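Novice: Data: coords29.txt, compact mmCIF, N, CA and C atoms.
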# COMPACT_ATOMS: atom_id res chain seq x y z
N MET A 1 144.90 137.03 62.87
CA MET A 1 144.83 135.60 63.09
C MET A 1 143.82 135.31 64.18
N ASN A 2 143.03 134.28 63.98
CA ASN A 2 142.01 133.91 64.95
C ASN A 2 142.62 133.00 66.00
N THR A 3 142.33 133.33 67.24
CA THR A 3 142.78 132.46 68.33
C THR A 3 141.55 131.88 68.99
N ALA A 4 141.07 130.79 68.44
CA ALA A 4 139.87 130.14 68.97
C ALA A 4 140.12 129.71 70.40
N THR A 5 139.09 129.84 71.21
CA THR A 5 139.18 129.46 72.60
C THR A 5 138.55 128.09 72.77
N ASP A 6 139.33 127.14 73.28
CA ASP A 6 138.81 125.80 73.51
C ASP A 6 138.23 125.78 74.92
N THR A 7 136.93 125.67 75.00
CA THR A 7 136.25 125.69 76.29
C THR A 7 135.61 124.34 76.54
N ASP A 8 136.46 123.31 76.62
CA ASP A 8 135.99 121.93 76.74
C ASP A 8 134.92 121.76 77.80
N SER A 9 135.18 122.25 78.98
CA SER A 9 134.25 122.01 80.07
C SER A 9 133.03 122.91 79.97
N LEU A 10 133.13 123.97 79.16
CA LEU A 10 132.02 124.92 79.09
C LEU A 10 131.00 124.56 78.02
N VAL A 11 131.45 124.15 76.84
CA VAL A 11 130.51 123.96 75.74
C VAL A 11 130.79 122.70 74.93
N ASP A 12 130.66 121.57 75.53
CA ASP A 12 130.66 120.28 74.83
C ASP A 12 131.79 120.11 73.81
N ASN A 13 133.01 120.42 74.16
CA ASN A 13 134.17 120.22 73.28
C ASN A 13 134.11 120.99 71.96
N GLU A 14 133.24 121.96 71.85
CA GLU A 14 133.11 122.74 70.64
C GLU A 14 134.08 123.92 70.69
N VAL A 15 134.74 124.20 69.57
CA VAL A 15 135.60 125.36 69.51
C VAL A 15 134.71 126.60 69.51
N THR A 16 135.03 127.53 70.37
CA THR A 16 134.24 128.76 70.47
C THR A 16 135.16 129.96 70.38
N TYR A 17 134.54 131.09 70.16
CA TYR A 17 135.26 132.36 70.02
C TYR A 17 134.64 133.36 70.97
N ARG A 18 135.48 134.10 71.64
CA ARG A 18 134.99 135.17 72.51
C ARG A 18 134.72 136.39 71.65
N ILE A 19 133.93 137.30 72.19
CA ILE A 19 133.50 138.47 71.44
C ILE A 19 134.70 139.30 70.94
N GLY A 20 135.73 139.42 71.77
CA GLY A 20 136.91 140.18 71.38
C GLY A 20 137.68 139.54 70.23
N GLU A 21 137.67 138.21 70.21
CA GLU A 21 138.36 137.49 69.13
C GLU A 21 137.68 137.73 67.79
N LEU A 22 136.34 137.64 67.77
CA LEU A 22 135.63 137.89 66.51
C LEU A 22 135.72 139.35 66.11
N SER A 23 135.66 140.22 67.10
CA SER A 23 135.79 141.64 66.83
C SER A 23 137.11 141.95 66.13
N GLY A 24 138.17 141.40 66.66
CA GLY A 24 139.49 141.62 66.06
C GLY A 24 139.66 140.95 64.72
N GLU A 25 139.19 139.73 64.60
CA GLU A 25 139.34 138.99 63.34
C GLU A 25 138.61 139.67 62.19
N PHE A 26 137.41 140.17 62.46
CA PHE A 26 136.59 140.75 61.39
C PHE A 26 136.61 142.27 61.39
N ASP A 27 137.40 142.86 62.28
CA ASP A 27 137.54 144.32 62.35
C ASP A 27 136.18 145.01 62.51
N VAL A 28 135.41 144.53 63.48
CA VAL A 28 134.14 145.15 63.83
C VAL A 28 134.18 145.46 65.33
N THR A 29 133.34 146.37 65.74
CA THR A 29 133.32 146.73 67.15
C THR A 29 132.52 145.70 67.96
N LEU A 30 132.76 145.70 69.25
CA LEU A 30 131.98 144.85 70.15
C LEU A 30 130.51 145.25 70.06
N ARG A 31 130.27 146.54 69.93
CA ARG A 31 128.91 147.04 69.82
C ARG A 31 128.21 146.47 68.59
N THR A 32 128.95 146.36 67.47
CA THR A 32 128.39 145.79 66.25
C THR A 32 127.95 144.35 66.48
N LEU A 33 128.80 143.57 67.13
CA LEU A 33 128.45 142.17 67.41
C LEU A 33 127.23 142.08 68.32
N ARG A 34 127.15 142.95 69.31
CA ARG A 34 125.98 142.96 70.20
C ARG A 34 124.72 143.36 69.43
N PHE A 35 124.88 144.32 68.50
CA PHE A 35 123.77 144.77 67.66
C PHE A 35 123.24 143.61 66.82
N TYR A 36 124.14 142.86 66.19
CA TYR A 36 123.72 141.71 65.39
C TYR A 36 123.03 140.66 66.26
N GLU A 37 123.49 140.53 67.48
CA GLU A 37 122.84 139.61 68.41
C GLU A 37 121.43 140.10 68.73
N ASP A 38 121.29 141.40 69.01
CA ASP A 38 119.97 141.97 69.31
C ASP A 38 119.00 141.80 68.15
N LYS A 39 119.51 141.83 66.93
CA LYS A 39 118.67 141.70 65.73
C LYS A 39 118.40 140.24 65.38
N GLY A 40 118.94 139.31 66.17
CA GLY A 40 118.70 137.89 65.93
C GLY A 40 119.55 137.29 64.83
N LEU A 41 120.61 137.98 64.45
CA LEU A 41 121.49 137.47 63.41
C LEU A 41 122.55 136.53 63.97
N LEU A 42 122.94 136.75 65.20
CA LEU A 42 123.92 135.90 65.89
C LEU A 42 123.30 135.43 67.20
N SER A 43 123.68 134.23 67.62
CA SER A 43 123.14 133.68 68.86
C SER A 43 124.24 133.04 69.69
N PRO A 44 125.09 133.85 70.29
CA PRO A 44 126.16 133.26 71.09
C PRO A 44 125.60 132.62 72.36
N ARG A 45 126.31 131.60 72.81
CA ARG A 45 125.98 131.03 74.11
C ARG A 45 126.53 131.97 75.17
N ARG A 46 125.95 131.87 76.35
CA ARG A 46 126.43 132.70 77.45
C ARG A 46 126.82 131.82 78.62
N ILE A 47 127.99 132.12 79.13
CA ILE A 47 128.45 131.52 80.38
C ILE A 47 128.69 132.71 81.29
N GLY A 48 127.73 132.97 82.18
CA GLY A 48 127.80 134.19 82.98
C GLY A 48 127.65 135.38 82.05
N ASN A 49 128.61 136.31 82.12
CA ASN A 49 128.59 137.48 81.25
C ASN A 49 129.38 137.27 79.96
N THR A 50 129.96 136.10 79.81
CA THR A 50 130.81 135.83 78.65
C THR A 50 129.99 135.30 77.49
N ARG A 51 130.17 135.92 76.33
CA ARG A 51 129.54 135.45 75.10
C ARG A 51 130.51 134.50 74.42
N LEU A 52 130.01 133.33 74.05
CA LEU A 52 130.82 132.35 73.33
C LEU A 52 130.16 132.07 71.99
N TYR A 53 130.87 132.41 70.93
CA TYR A 53 130.35 132.25 69.57
C TYR A 53 130.85 130.92 69.00
N SER A 54 129.97 130.21 68.33
CA SER A 54 130.32 128.93 67.72
C SER A 54 130.92 129.17 66.33
N ARG A 55 131.37 128.08 65.72
CA ARG A 55 131.85 128.17 64.33
C ARG A 55 130.72 128.62 63.41
N ALA A 56 129.50 128.17 63.72
CA ALA A 56 128.34 128.58 62.91
C ALA A 56 128.11 130.08 63.04
N ASP A 57 128.24 130.61 64.27
CA ASP A 57 128.10 132.06 64.47
C ASP A 57 129.17 132.81 63.68
N ARG A 58 130.38 132.27 63.69
CA ARG A 58 131.48 132.90 62.95
C ARG A 58 131.16 132.91 61.45
N GLY A 59 130.64 131.80 60.95
CA GLY A 59 130.25 131.72 59.54
C GLY A 59 129.12 132.69 59.22
N ARG A 60 128.16 132.80 60.12
CA ARG A 60 127.05 133.75 59.93
C ARG A 60 127.58 135.17 59.90
N LEU A 61 128.51 135.49 60.80
CA LEU A 61 129.09 136.84 60.82
C LEU A 61 129.77 137.16 59.50
N LYS A 62 130.49 136.19 58.98
CA LYS A 62 131.17 136.37 57.70
C LYS A 62 130.15 136.70 56.60
N LEU A 63 129.03 135.99 56.59
CA LEU A 63 127.98 136.24 55.60
C LEU A 63 127.26 137.56 55.83
N ILE A 64 127.06 137.93 57.09
CA ILE A 64 126.44 139.22 57.42
C ILE A 64 127.30 140.35 56.86
N LEU A 65 128.60 140.26 57.09
CA LEU A 65 129.51 141.32 56.64
C LEU A 65 129.61 141.36 55.12
N LEU A 66 129.56 140.20 54.48
CA LEU A 66 129.54 140.17 53.02
C LEU A 66 128.28 140.84 52.50
N GLY A 67 127.14 140.48 53.08
CA GLY A 67 125.87 141.10 52.68
C GLY A 67 125.90 142.60 52.85
N LYS A 68 126.44 143.04 53.97
CA LYS A 68 126.54 144.48 54.23
C LYS A 68 127.45 145.15 53.20
N ARG A 69 128.57 144.51 52.89
CA ARG A 69 129.54 145.07 51.95
C ARG A 69 128.94 145.25 50.55
N VAL A 70 128.07 144.33 50.14
CA VAL A 70 127.48 144.44 48.81
C VAL A 70 126.16 145.20 48.82
N GLY A 71 125.75 145.68 50.00
CA GLY A 71 124.59 146.57 50.06
C GLY A 71 123.26 145.91 50.38
N LEU A 72 123.26 144.66 50.80
CA LEU A 72 122.00 144.03 51.21
C LEU A 72 121.56 144.59 52.55
N SER A 73 120.26 144.64 52.76
CA SER A 73 119.75 145.07 54.06
C SER A 73 119.94 143.94 55.07
N LEU A 74 119.95 144.30 56.33
CA LEU A 74 120.06 143.27 57.37
C LEU A 74 118.85 142.34 57.35
N LEU A 75 117.69 142.87 56.95
CA LEU A 75 116.50 142.01 56.84
C LEU A 75 116.69 140.95 55.77
N ASP A 76 117.28 141.36 54.63
CA ASP A 76 117.55 140.39 53.56
C ASP A 76 118.55 139.35 54.02
N VAL A 77 119.61 139.80 54.69
CA VAL A 77 120.63 138.88 55.18
C VAL A 77 120.01 137.91 56.19
N LYS A 78 119.20 138.43 57.09
CA LYS A 78 118.56 137.59 58.10
C LYS A 78 117.65 136.55 57.43
N GLU A 79 116.90 136.99 56.42
CA GLU A 79 116.03 136.05 55.71
C GLU A 79 116.83 134.90 55.11
N ILE A 80 117.95 135.22 54.49
CA ILE A 80 118.80 134.19 53.88
C ILE A 80 119.37 133.26 54.95
N LEU A 81 119.89 133.85 56.01
CA LEU A 81 120.49 133.04 57.07
C LEU A 81 119.47 132.15 57.76
N ASP A 82 118.27 132.67 57.96
CA ASP A 82 117.23 131.90 58.66
C ASP A 82 116.72 130.72 57.85
N LEU A 83 116.98 130.71 56.54
CA LEU A 83 116.55 129.59 55.69
C LEU A 83 117.50 128.40 55.77
N TYR A 84 118.65 128.58 56.44
CA TYR A 84 119.62 127.49 56.53
C TYR A 84 119.06 126.34 57.34
N ASN A 85 119.25 125.13 56.82
CA ASN A 85 118.83 123.92 57.51
C ASN A 85 120.01 122.95 57.48
N ALA A 86 120.59 122.69 58.63
CA ALA A 86 121.80 121.86 58.71
C ALA A 86 121.59 120.47 58.12
N SER A 87 120.38 119.96 58.15
CA SER A 87 120.16 118.60 57.65
C SER A 87 119.47 118.58 56.28
N GLY A 88 119.29 119.74 55.67
CA GLY A 88 118.62 119.80 54.38
C GLY A 88 119.56 120.14 53.25
N ASP A 89 119.01 120.24 52.04
CA ASP A 89 119.84 120.58 50.88
C ASP A 89 119.97 122.10 50.72
N ASN A 90 119.16 122.86 51.44
CA ASN A 90 119.21 124.32 51.46
C ASN A 90 118.97 124.95 50.08
N LEU A 91 118.23 124.25 49.24
CA LEU A 91 117.92 124.77 47.92
C LEU A 91 117.15 126.09 48.02
N ARG A 92 116.21 126.17 48.95
CA ARG A 92 115.43 127.42 49.12
C ARG A 92 116.36 128.55 49.53
N GLN A 93 117.27 128.31 50.45
CA GLN A 93 118.21 129.33 50.89
C GLN A 93 119.07 129.80 49.72
N LEU A 94 119.58 128.86 48.94
CA LEU A 94 120.42 129.21 47.80
C LEU A 94 119.65 129.99 46.75
N THR A 95 118.39 129.61 46.53
CA THR A 95 117.55 130.30 45.55
C THR A 95 117.28 131.73 45.98
N VAL A 96 116.93 131.92 47.26
CA VAL A 96 116.67 133.27 47.77
C VAL A 96 117.94 134.11 47.72
N ALA A 97 119.07 133.52 48.09
CA ALA A 97 120.34 134.25 48.04
C ALA A 97 120.65 134.67 46.60
N LEU A 98 120.41 133.79 45.65
CA LEU A 98 120.65 134.12 44.24
C LEU A 98 119.73 135.25 43.78
N GLU A 99 118.45 135.17 44.12
CA GLU A 99 117.50 136.21 43.73
C GLU A 99 117.89 137.58 44.31
N LYS A 100 118.21 137.59 45.59
CA LYS A 100 118.58 138.85 46.24
C LYS A 100 119.91 139.37 45.68
N GLY A 101 120.83 138.46 45.40
CA GLY A 101 122.11 138.86 44.81
C GLY A 101 121.93 139.46 43.43
N GLU A 102 121.07 138.85 42.63
CA GLU A 102 120.82 139.39 41.28
C GLU A 102 120.15 140.77 41.34
N GLU A 103 119.20 140.92 42.27
CA GLU A 103 118.56 142.23 42.45
C GLU A 103 119.58 143.28 42.86
N GLN A 104 120.45 142.93 43.80
CA GLN A 104 121.45 143.88 44.28
C GLN A 104 122.46 144.19 43.19
N MET A 105 122.79 143.23 42.35
CA MET A 105 123.71 143.47 41.24
C MET A 105 123.16 144.55 40.32
N LYS A 106 121.86 144.50 40.04
CA LYS A 106 121.24 145.53 39.20
C LYS A 106 121.34 146.91 39.87
N VAL A 107 121.09 146.95 41.16
CA VAL A 107 121.19 148.21 41.89
C VAL A 107 122.61 148.77 41.81
N LEU A 108 123.60 147.93 42.07
CA LEU A 108 124.99 148.37 42.04
C LEU A 108 125.42 148.80 40.65
N GLN A 109 124.97 148.09 39.62
CA GLN A 109 125.32 148.47 38.26
C GLN A 109 124.71 149.83 37.90
N GLN A 110 123.49 150.09 38.35
CA GLN A 110 122.87 151.40 38.11
C GLN A 110 123.62 152.49 38.87
N GLN A 111 124.02 152.20 40.09
CA GLN A 111 124.79 153.18 40.87
C GLN A 111 126.12 153.49 40.18
N ARG A 112 126.77 152.45 39.64
CA ARG A 112 128.03 152.66 38.94
C ARG A 112 127.81 153.54 37.71
N LYS A 113 126.74 153.28 36.97
CA LYS A 113 126.42 154.09 35.79
C LYS A 113 126.19 155.54 36.21
N ASP A 114 125.42 155.75 37.28
CA ASP A 114 125.14 157.10 37.77
C ASP A 114 126.42 157.82 38.20
N ILE A 115 127.31 157.08 38.87
CA ILE A 115 128.57 157.66 39.32
C ILE A 115 129.45 158.02 38.13
N GLU A 116 129.51 157.15 37.14
CA GLU A 116 130.30 157.44 35.94
C GLU A 116 129.79 158.68 35.23
N GLU A 117 128.47 158.84 35.15
CA GLU A 117 127.88 160.03 34.54
C GLU A 117 128.22 161.28 35.35
N ALA A 118 128.14 161.17 36.68
CA ALA A 118 128.45 162.32 37.54
C ALA A 118 129.92 162.71 37.40
N ILE A 119 130.81 161.72 37.32
CA ILE A 119 132.24 162.00 37.15
C ILE A 119 132.48 162.70 35.82
N SER A 120 131.82 162.24 34.78
CA SER A 120 131.98 162.85 33.46
C SER A 120 131.51 164.31 33.48
N GLU A 121 130.34 164.54 34.06
CA GLU A 121 129.82 165.91 34.16
C GLU A 121 130.75 166.80 34.97
N LEU A 122 131.23 166.29 36.09
CA LEU A 122 132.13 167.08 36.93
C LEU A 122 133.43 167.35 36.20
N ASP A 123 133.95 166.37 35.48
CA ASP A 123 135.17 166.55 34.71
C ASP A 123 135.00 167.66 33.68
N GLN A 124 133.89 167.66 32.96
CA GLN A 124 133.62 168.71 31.97
C GLN A 124 133.50 170.08 32.63
N THR A 125 132.84 170.12 33.78
CA THR A 125 132.70 171.39 34.51
C THR A 125 134.05 171.91 34.96
N LEU A 126 134.92 171.04 35.46
CA LEU A 126 136.25 171.45 35.91
C LEU A 126 137.08 171.98 34.74
N VAL A 127 136.98 171.33 33.59
CA VAL A 127 137.70 171.80 32.40
C VAL A 127 137.20 173.20 32.04
N SER A 128 135.90 173.39 32.04
CA SER A 128 135.31 174.69 31.73
C SER A 128 135.76 175.76 32.72
N LEU A 129 135.76 175.42 34.01
CA LEU A 129 136.19 176.38 35.03
C LEU A 129 137.66 176.76 34.86
N ARG A 130 138.50 175.78 34.57
CA ARG A 130 139.94 176.05 34.34
C ARG A 130 140.11 176.97 33.13
N ASP A 131 139.34 176.70 32.07
CA ASP A 131 139.42 177.54 30.88
C ASP A 131 138.99 178.97 31.19
N GLN A 132 137.92 179.13 31.98
CA GLN A 132 137.46 180.46 32.34
C GLN A 132 138.49 181.20 33.18
N ILE A 133 139.09 180.50 34.12
CA ILE A 133 140.12 181.11 34.97
C ILE A 133 141.33 181.49 34.12
N GLY A 134 141.70 180.62 33.21
CA GLY A 134 142.85 180.88 32.35
C GLY A 134 142.62 182.08 31.45
N SER A 135 141.41 182.23 30.92
CA SER A 135 141.15 183.36 30.03
C SER A 135 141.07 184.68 30.77
N LYS A 136 140.71 184.66 32.03
CA LYS A 136 140.65 185.91 32.82
C LYS A 136 142.03 186.32 33.31
N GLY A 137 142.95 185.37 33.38
CA GLY A 137 144.29 185.66 33.86
C GLY A 137 145.20 186.19 32.76
N GLU A 138 144.74 186.16 31.54
CA GLU A 138 145.60 186.60 30.42
C GLU A 138 145.58 188.07 30.24
Represent the structure contained in this file as structure tokens.

Specialist:
Amino acid sequence: MNTATDTDSLVDNEVTYRIGELSGEFDVTLRTLRFYEDKGLLSPRRIGNTRLYSRADRGRLKLILLGKRVGLSLLDVKEILDLYNASGDNLRQLTVALEKGEEQMKVLQQQRKDIEEAISELDQTLVSLRDQIGSKGE
């Protein structure tokens, strides 16, 4: 469960999240969040040494992790995220996301085909090995 931190006096009445809260909610390490910040994927505000993530940062993190889960590179994810325009229709962002998603779907489908072939070959080899062991034990 997310426990958003209300930092009224710190950040203009905006609900913010501390690094530990996002880390726990999304099951990522603090180091991972700092890494995404270093790569320009997240931009938390800082009050002293405290990182305060906005709802937008939280949404970006969710998309970063989705991209990672489906095998997109961080560069691809960054490209998609950087196309977001809060006051626009974001058609370009949606188009790029669709193109990259379709490309990745082809990659994943080929990987699945390769894995299925490898499983089949291994299964046949195991059957053969069992048969050889069985015939030597008789």

Novice: Run DSSP on the backbone and tell me which residues of chain A come out as helix (DSSP H, G or I); list them as an MDAnalysis selection string.

Specialist: chainID A and resid 19:26 30:38 55:69 74:82 91:136

Novice: With a cut-off of 8 Å, could you pull out the residues of range 77-125 of chain A touching range 56-67 of chain A and give me the nearest pair of atoms for each, distance in Å to one decimal, using all atoms listed in the file, ordered by chain and ascending number, as JSON lines?

Specialist:
{"residue": "A:Val77", "atom": "CA", "partner": "A:Gly67", "partner_atom": "CA", "distance": 6.2}
{"residue": "A:Lys78", "atom": "N", "partner": "A:Ile64", "partner_atom": "CA", "distance": 7.3}
{"residue": "A:Leu81", "atom": "CA", "partner": "A:Arg60", "partner_atom": "CA", "distance": 7.2}

Novice: Would you mind reading off the distance between atom C of Val96 in chain A and atom C of Lys68 in chain A, one decimal, in Å?

Specialist: 15.6 Å

Novice: Can you work out which one of A:Leu98, A:Leu129, A:Leu108, A:Val15 has the shortest atom-to-atom distance to Ser54 in chain A, counting only N, CA and C atoms?

Specialist: A:Val15

Novice: What separation in Å, quoted to one decimal, exists between CA of Gln110 in chain A and CA of Leu72 in chain A?

Specialist: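 The value is 15.1 Å.
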
Novice: Could you work out how far atom C of Arg31 in chain A lies from atom N of Glu79 in chain A, giving the answer in Å with one decimal?

Specialist: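 Computing it gives 19.1 Å between the two atoms.
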
Novice: Which of chain A end up as strand (DSSP E) when DSSP is run on this backbone - answer as a list of chain:residue names?

Specialist: A:Thr5, A:Asp6, A:Val15, A:Thr16, A:Tyr17, A:Arg18, A:Arg45, A:Arg46, A:Ile47, A:Thr50, A:Arg51, A:Leu52, A:Tyr53

Novice: Have a look at A:Ile133, A:Gln124, A:Ile19, A:Gln104 and name the one nearest to Thr50 in chain A; count only C-alpha atoms.

Specialist: A:Ile19

Novice: Contacts of Gln93 in chain A at 6 Å or less, counting all atoms listed in the file, minus same-chain residues fewer than 5 places along, as a list in words?

Specialist: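 Answer for this query is Ile80, Leu83, Tyr84 and Leu98 of chain A.
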
Novice: Ranking A:Arg51, A:Gly137, A:Lys100, A:Arg92 by minimum distance to Asp76 in chain A and counting all atoms listed in the file, which one comes first?

Specialist: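 With all atoms listed in the file as the atom set, the closest residue is A:Lys100.
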